>>> print(open('query_22.cif').read())   # mmCIF, C-alpha atoms
data_coords
loop_
_atom_site.label_atom_id
_atom_site.label_comp_id
_atom_site.auth_asym_id
_atom_site.auth_seq_id
_atom_site.Cartn_x
_atom_site.Cartn_y
_atom_site.Cartn_z
CA MET A 1 0.00 0.00 0.00
CA ILE A 2 1.37 3.38 -1.02
CA THR A 3 1.14 5.96 1.77
CA VAL A 4 1.13 9.70 1.20
CA PHE A 5 2.67 11.98 3.83
CA ARG A 6 2.33 15.71 4.25
CA ALA A 7 5.50 17.79 4.08
CA PHE A 8 6.53 21.39 4.63
CA GLU A 9 8.51 23.06 1.87
CA PHE A 10 11.33 25.33 3.10
CA SER A 11 12.10 28.35 0.96
CA LYS A 12 15.67 28.77 2.22
CA PHE A 13 18.30 26.09 1.79
CA THR A 14 21.98 25.74 0.95
CA ILE A 15 23.21 23.65 -1.97
CA ILE A 16 26.03 21.36 -0.82
CA LYS A 17 26.33 19.23 -3.95
CA ASN A 18 24.80 19.65 -7.37
CA ARG A 19 25.04 17.63 -10.56
CA LYS A 20 27.20 19.87 -12.69
CA GLY A 21 25.89 21.35 -15.90
CA ASN A 22 22.44 19.81 -15.54
CA ARG A 23 19.20 21.58 -14.70
CA ASP A 24 16.63 18.94 -15.67
CA PHE A 25 15.57 18.53 -12.04
CA GLN A 26 14.02 20.69 -9.37
CA TYR A 27 14.90 20.95 -5.71
CA PHE A 28 12.54 19.43 -3.17
CA PRO A 29 13.38 21.01 0.24
CA PHE A 30 10.66 18.97 1.99
CA VAL A 31 10.51 17.86 5.62
CA ARG A 32 7.69 15.69 6.90
CA SER A 33 5.08 17.78 8.71
CA ASN A 34 1.43 17.04 9.41
CA ASP A 35 0.68 20.71 8.70
CA GLY A 36 2.55 20.80 5.40
CA ASN A 37 1.03 21.66 2.05
CA LYS A 38 3.25 19.33 -0.03
CA GLU A 39 3.15 15.56 -0.44
CA MET A 40 5.74 12.78 -0.29
CA THR A 41 5.04 9.13 -1.06
CA CYS A 42 6.28 6.11 0.88
CA ILE A 43 6.00 2.83 -1.02
CA GLY A 44 6.95 0.42 1.75
CA PRO A 45 7.73 0.20 5.47
CA ASP A 46 11.45 -0.46 4.95
CA HIS A 47 12.10 2.93 3.35
CA GLY A 48 12.14 4.71 6.70
CA ARG A 49 13.45 8.18 5.85
CA SER A 50 13.26 7.97 2.03
CA PHE A 51 10.32 9.17 -0.05
CA VAL A 52 9.36 9.29 -3.71
CA ILE A 53 8.82 12.98 -4.41
CA GLY A 54 8.54 13.26 -8.17
CA LYS A 55 8.83 11.68 -11.60
CA LEU A 56 10.93 12.87 -14.52
CA SER A 57 9.72 13.15 -18.12
CA ASN A 58 11.84 10.11 -19.02
CA GLY A 59 9.97 7.96 -16.48
CA ARG A 60 12.66 7.90 -13.76
CA TYR A 61 11.54 8.42 -10.17
CA VAL A 62 12.91 11.15 -7.93
CA VAL A 63 13.72 10.05 -4.37
CA SER A 64 14.77 12.14 -1.39
CA LYS A 65 16.43 10.83 1.78
CA GLY A 66 16.52 12.47 5.20
CA ASN A 67 13.08 14.09 5.07
CA GLY A 68 11.79 12.56 8.31
CA LEU A 69 10.37 9.22 9.38
CA SER A 70 7.62 7.38 7.53
CA TYR A 71 6.41 5.93 10.85
CA THR A 72 5.59 7.23 14.34
CA GLN A 73 3.79 10.52 14.90
CA HIS A 74 7.16 12.30 14.98
CA SER A 75 9.26 13.46 12.06
CA PHE A 76 12.49 12.67 13.92
CA VAL A 77 13.21 10.36 16.84
CA ASP A 78 16.35 10.61 18.95
CA THR A 79 18.30 7.45 19.70
CA PRO A 80 20.81 8.31 22.45
CA GLU A 81 23.11 5.39 21.73
CA MET A 82 23.70 6.75 18.23
CA GLY A 83 24.64 10.32 19.13
CA ASP A 84 23.46 12.74 16.46
CA ASP A 85 22.50 9.90 14.11
CA THR A 86 18.82 10.63 14.75
CA LEU A 87 16.19 8.45 13.10
CA GLY A 88 14.68 10.31 10.16
CA LEU A 89 17.66 12.61 9.67
CA LEU A 90 20.65 12.25 7.36
CA LEU A 91 23.95 13.65 8.59
CA LYS A 92 25.88 15.88 6.19
CA GLN A 93 29.00 13.70 6.22
CA ASP A 94 26.91 10.61 5.44
CA ALA A 95 25.15 12.33 2.53
CA ILE A 96 28.50 13.40 1.07
CA ARG A 97 29.99 9.90 1.46
CA ASP A 98 26.91 8.44 -0.26
CA TRP A 99 27.31 10.93 -3.14
CA GLU A 100 31.04 10.35 -3.63
CA LEU A 101 30.96 6.55 -3.37
CA CYS A 102 27.97 6.36 -5.74
CA LYS A 103 30.02 8.24 -8.32
CA ASP A 104 32.92 5.81 -7.90
CA VAL A 105 30.60 2.80 -8.22
CA ALA A 106 28.94 4.15 -11.36
CA GLU A 107 32.37 4.57 -12.96
CA LEU A 108 32.91 0.82 -12.49
CA GLY A 109 29.95 0.14 -14.79
CA ILE A 110 27.59 -0.89 -11.99
CA LYS A 111 23.99 0.18 -12.40
CA THR A 112 23.06 2.59 -9.63
CA ASN A 113 21.05 5.70 -8.89
CA ARG A 114 21.78 9.06 -10.50
CA MET A 115 22.60 11.72 -7.93
CA GLU A 116 20.91 15.10 -8.33
CA CYS A 117 21.79 17.22 -5.31
CA ILE A 118 22.48 17.49 -1.60
CA ILE A 119 20.81 20.42 0.14
CA GLU A 120 20.81 21.64 3.72
CA ILE A 121 17.66 23.27 5.13
CA ASP A 122 18.48 26.70 6.56
CA ARG A 123 16.70 26.07 9.83
CA GLU A 124 17.94 24.37 12.98
CA PHE A 125 16.00 21.56 14.60
CA THR A 126 16.70 20.73 18.24
CA ILE A 127 16.83 16.99 18.92
CA GLU A 128 16.24 15.43 22.30
CA ASN A 129 19.91 15.34 23.29
CA GLY A 130 19.94 19.12 23.03
CA HIS A 131 22.01 19.28 19.86
CA LYS A 132 20.89 21.53 17.05
CA LEU A 133 21.01 20.13 13.52
CA LYS A 134 19.95 21.35 10.11
CA PRO A 135 18.24 18.63 8.01
CA VAL A 136 20.34 17.51 5.06
CA LEU A 137 18.52 15.97 2.10
CA LEU A 138 20.05 13.70 -0.52
CA GLN A 139 18.07 13.76 -3.76
CA TYR A 140 18.53 11.30 -6.62
CA ASP A 141 16.59 9.54 -9.36
CA VAL A 142 16.18 5.84 -10.12
CA GLU A 143 14.74 3.64 -12.80
CA CYS A 144 12.68 1.69 -10.26
CA PRO A 145 11.58 3.03 -6.84
CA TYR A 146 10.85 -0.43 -5.44
CA ARG A 147 13.56 -2.29 -3.54
CA ILE A 148 13.84 -6.10 -3.54
CA CYS A 149 12.42 -6.05 0.00
CA ASP A 150 9.25 -4.35 -1.31
CA ALA A 151 8.03 -7.47 -3.15
CA ALA A 152 5.24 -8.04 -0.60
CA PHE A 153 3.83 -4.60 -1.44
CA MET A 154 4.03 -4.89 -5.23
CA THR A 155 1.69 -6.52 -7.70
CA THR A 156 2.86 -9.50 -9.72
CA ASP A 157 2.71 -7.37 -12.87
CA GLN A 158 4.94 -4.71 -11.30
CA ILE A 159 7.58 -7.28 -10.40
CA TRP A 160 7.59 -9.01 -13.76
CA SER A 161 7.66 -5.72 -15.69
CA GLU A 162 11.06 -5.14 -14.06
CA VAL A 163 12.31 -8.72 -14.41
CA ARG A 164 11.56 -8.77 -18.14
CA ASN A 165 13.93 -5.80 -18.59
CA TRP A 166 16.95 -7.52 -17.01
CA PRO A 167 19.75 -7.92 -19.60
CA ASN A 168 20.47 -11.57 -20.36
CA PRO A 169 23.45 -11.76 -22.72
CA LYS A 170 24.34 -15.29 -21.55
CA GLY A 171 20.86 -16.59 -22.33
CA TYR A 172 19.93 -17.97 -18.91
CA ALA A 173 16.62 -19.82 -18.80
CA GLU A 174 16.08 -18.99 -15.12
CA ASN A 175 15.45 -15.40 -14.05
CA TYR A 176 17.19 -15.86 -10.71
CA MET A 177 20.36 -16.77 -12.65
CA ILE A 178 20.11 -13.54 -14.65
CA ALA A 179 19.97 -11.63 -11.36
CA ALA A 180 22.74 -13.77 -9.89
CA ASP A 181 25.12 -13.00 -12.76
CA ILE A 182 24.49 -9.26 -12.46
CA LEU A 183 24.80 -9.14 -8.67
CA ILE A 184 27.90 -11.34 -8.47
CA SER A 185 29.53 -9.39 -11.30
CA ASN A 186 28.78 -6.17 -9.39
CA LEU A 187 30.42 -7.59 -6.28
CA ARG A 188 33.50 -8.63 -8.25
CA LYS A 189 33.87 -5.09 -9.62
CA LEU A 190 33.46 -3.58 -6.15
CA HIS A 191 35.97 -5.87 -4.49
CA ASP A 192 38.51 -5.56 -7.29
CA ALA A 193 38.34 -1.80 -6.74
CA LYS A 194 38.65 -2.40 -2.98
CA ILE A 195 35.23 -0.85 -2.38
CA LEU A 196 33.24 -2.19 0.55
CA HIS A 197 29.54 -1.38 0.29
CA ASN A 198 28.92 -2.60 3.84
CA ALA A 199 25.14 -2.77 3.47
CA ILE A 200 24.40 -5.25 0.68
CA HIS A 201 20.94 -6.59 1.38
CA ASN A 202 17.38 -6.62 0.04
CA GLN A 203 16.80 -2.98 0.96
CA ASN A 204 19.65 -1.63 -1.14
CA TYR A 205 18.94 -3.20 -4.53
CA THR A 206 15.94 -2.13 -6.60
CA TRP A 207 13.97 -4.49 -8.82
CA ALA A 208 15.80 -2.87 -11.75
CA LEU A 209 18.94 -4.27 -10.02
CA GLU A 210 20.25 -0.81 -9.18
CA LEU A 211 22.65 -0.82 -6.23
CA LEU A 212 21.91 2.06 -3.81
CA ASP A 213 22.86 3.62 -0.46
CA PHE A 214 26.59 4.10 -0.02
CA GLU A 215 26.70 6.10 3.21
CA LEU A 216 28.34 3.18 5.04
CA ALA A 217 30.73 2.32 2.21
CA HIS A 218 34.54 2.37 2.26
CA SER A 219 36.99 2.82 -0.57
CA PRO A 220 40.67 3.71 -0.92
CA LYS A 221 39.64 7.26 -1.92
CA HIS A 222 37.07 7.51 0.88
CA PRO A 223 38.36 5.34 3.73
CA TYR A 224 36.93 4.91 7.19
CA THR A 225 38.47 7.32 9.63
CA THR A 226 38.85 5.35 12.86
CA GLU A 227 41.31 2.58 13.62
CA ASP A 228 38.56 0.32 14.91
CA GLU A 229 36.50 0.59 11.71
CA ALA A 230 39.54 0.01 9.53
CA ARG A 231 40.50 -3.05 11.58
CA HIS A 232 37.25 -4.81 10.67
CA ILE A 233 37.43 -4.21 6.91
CA PRO A 234 39.13 -7.55 6.05
CA SER A 235 36.30 -9.51 7.67
CA LEU A 236 33.57 -7.39 6.06
CA PHE A 237 34.56 -8.09 2.45
CA PRO A 238 33.87 -11.88 2.65
CA ARG A 239 30.58 -11.21 4.40
CA GLU A 240 29.29 -9.44 1.30
CA ILE A 241 29.56 -12.69 -0.65
CA ILE A 242 26.93 -14.45 1.45
CA HIS A 243 24.81 -11.29 1.64
CA THR A 244 24.73 -11.24 -2.17
CA TYR A 245 23.75 -14.91 -2.12
CA GLN A 246 20.86 -14.09 0.22
CA ILE A 247 19.49 -11.53 -2.23
CA ILE A 248 19.68 -14.02 -5.10
CA ASN A 249 17.89 -16.59 -2.98
CA TYR A 250 15.18 -14.08 -2.05
CA ILE A 251 14.63 -13.15 -5.71
CA GLY A 252 14.26 -16.82 -6.68
CA TRP A 253 11.68 -17.38 -3.96
CA VAL A 254 9.69 -14.28 -4.95
CA LEU A 255 9.65 -15.43 -8.58
CA LYS A 256 8.66 -18.97 -7.46
CA GLU A 257 11.55 -20.52 -9.36
CA GLU A 258 13.19 -23.76 -8.25
CA MET A 259 16.70 -22.88 -7.13
CA ASN A 260 19.71 -24.87 -8.32
CA TYR A 261 22.28 -23.98 -5.67
CA ARG A 262 24.99 -25.98 -7.43
CA LYS A 263 24.66 -23.65 -10.42
CA ILE A 264 24.75 -20.56 -8.21
CA ASP A 265 27.83 -21.80 -6.35
CA ALA A 266 29.52 -22.47 -9.68
CA LEU A 267 28.72 -18.94 -10.83
CA PHE A 268 30.29 -17.49 -7.69
CA LYS A 269 33.38 -19.60 -8.43
CA GLU A 270 33.42 -18.32 -12.00
CA TYR A 271 33.81 -14.82 -10.55
CA ASN A 272 36.53 -16.03 -8.15
CA PHE A 273 34.31 -16.15 -5.09
CA GLU A 274 34.50 -19.42 -3.22
CA ILE A 275 31.46 -20.65 -1.27
CA LYS A 276 32.99 -22.77 1.49
CA GLY A 277 30.97 -25.17 3.59
CA ILE A 278 31.44 -27.73 6.31
CA ASN A 279 31.43 -31.40 5.32
CA ILE A 280 29.65 -33.65 7.80
#
>>> encode(input="query_22.cif", output="structure tokens")
Amino acid sequence: MITVFRAFEFSKFTIIKNRKGNRDFQYFPFVRSNDGNKEMTCIGPDHGRSFVIGKLSNGRYVVSKGNGLSYTQHSFVDTPEMGDDTLGLLLKQDAIRDWELCKDVAELGIKTNRMECIIEIDREFTIENGHKLKPVLLQYDVECPYRICDAAFMTTDQIWSEVRNWPNPKGYAENYMIAADILISNLRKLHDAKILHNAIHNQNYTWALELLDFELAHSPKHPYTTEDEARHIPSLFPREIIHTYQIINYIGWVLKEEMNYRKIDALFKEYNFEIKGINI
């Protein structure tokens, strides 16, 4: 079920990032407010602080992140254990990391979202820990607004209209194998470039197989800053192999296709990823 939320449009904002030389988009300085005169659309409960706010003439959907929560009666909810990382908000440094890593990933030939802008609302909000923050909004457009996790809230026709558009140069008979080849190939490109996405799961791939959300990502050009985070990087890269497998498995179940795990394991091996098990 698609849910429409009211939002307040702020007239004053600061542009932090902007897609250079392109003006085919408009700014949406919206923050969720029950008294607002604008609308934002939430297409599933897992989207949290992201909303569909427009559609381009070419059919792509405009999404904005950091506009407030799509649940609870409050736009923002403080979580003391997370410092200023308040639910519903997007911190400036996270928005910038998302922008920069997305650019790097796109240059690898991986299908992803197209960044439009990062803006900062010129008004301070006081969160429950007493800190004052200005909402930062990350705006981008995508081919498909639905994530893999949204399957329960999509019609069968909506899902299959996306699946039928997946490129299949190797001529796979099974749709889950088409997805598997694309997702495993993406992971190979990321790891060869020493890029750790660090959040590969059903919420961060769309049904057009666009990889999204890079605010937790690490790369040689944009490394983690603390010793503790850097220390865990070697263990996080292998974890993304099984997380990719989980998405492939989920897609096969949604499409009601019988999974051949021997074929999937072989495909991982083809891309130099080894699926190791325990023999009993």
>>> atom_distance(input="query_22.cif", atom1="CA of Asn168 in chain A", atom2="CA of Trp207 in chain A")
15.0 Å
>>> atom_distance(input="query_22.cif", atom1="CA of Ser70 in chain A", atom2="CA of Phe51 in chain A")
8.2 Å
>>> resolve_selection(input="query_22.cif", expression="the PyMOL selection byres ((chain A and resi 214) around 7)", output="list in words")
Arg97, Asp98, Leu101, Cys102, His197, Leu212, Asp213, Glu215, Leu216 and Ala217 of chain A
>>> residues_around(input="query_22.cif", residues="range 209-211 of chain A", least_positions_apart="6", cutoff="8 Å", atoms="only C-alpha atoms", output="list in words")
Ile110, Lys111, Thr112, Asn113, Val142, Glu143, Trp166, Ala179, Ile182 and Leu183 of chain A
>>> atom_distance(input="query_22.cif", atom1="CA of Glu174 in chain A", atom2="CA of Tyr61 in chain A")
28.2 Å
>>> residues_around(input="query_22.cif", residues="Ile15 in chain A", least_positions_apart="5", cutoff="10 Å", atoms="all atoms listed in the file", output="list in words")
Tyr27, Cys117, Ile118, Ile119, Glu120, Ile121, Val136 and Leu137 of chain A
>>> closest_residue(input="query_22.cif", among="A:Asp78, A:Tyr261, A:Lys276, A:Asp104", to="Phe125 in chain A", atoms="only C-alpha atoms")
A:Asp78
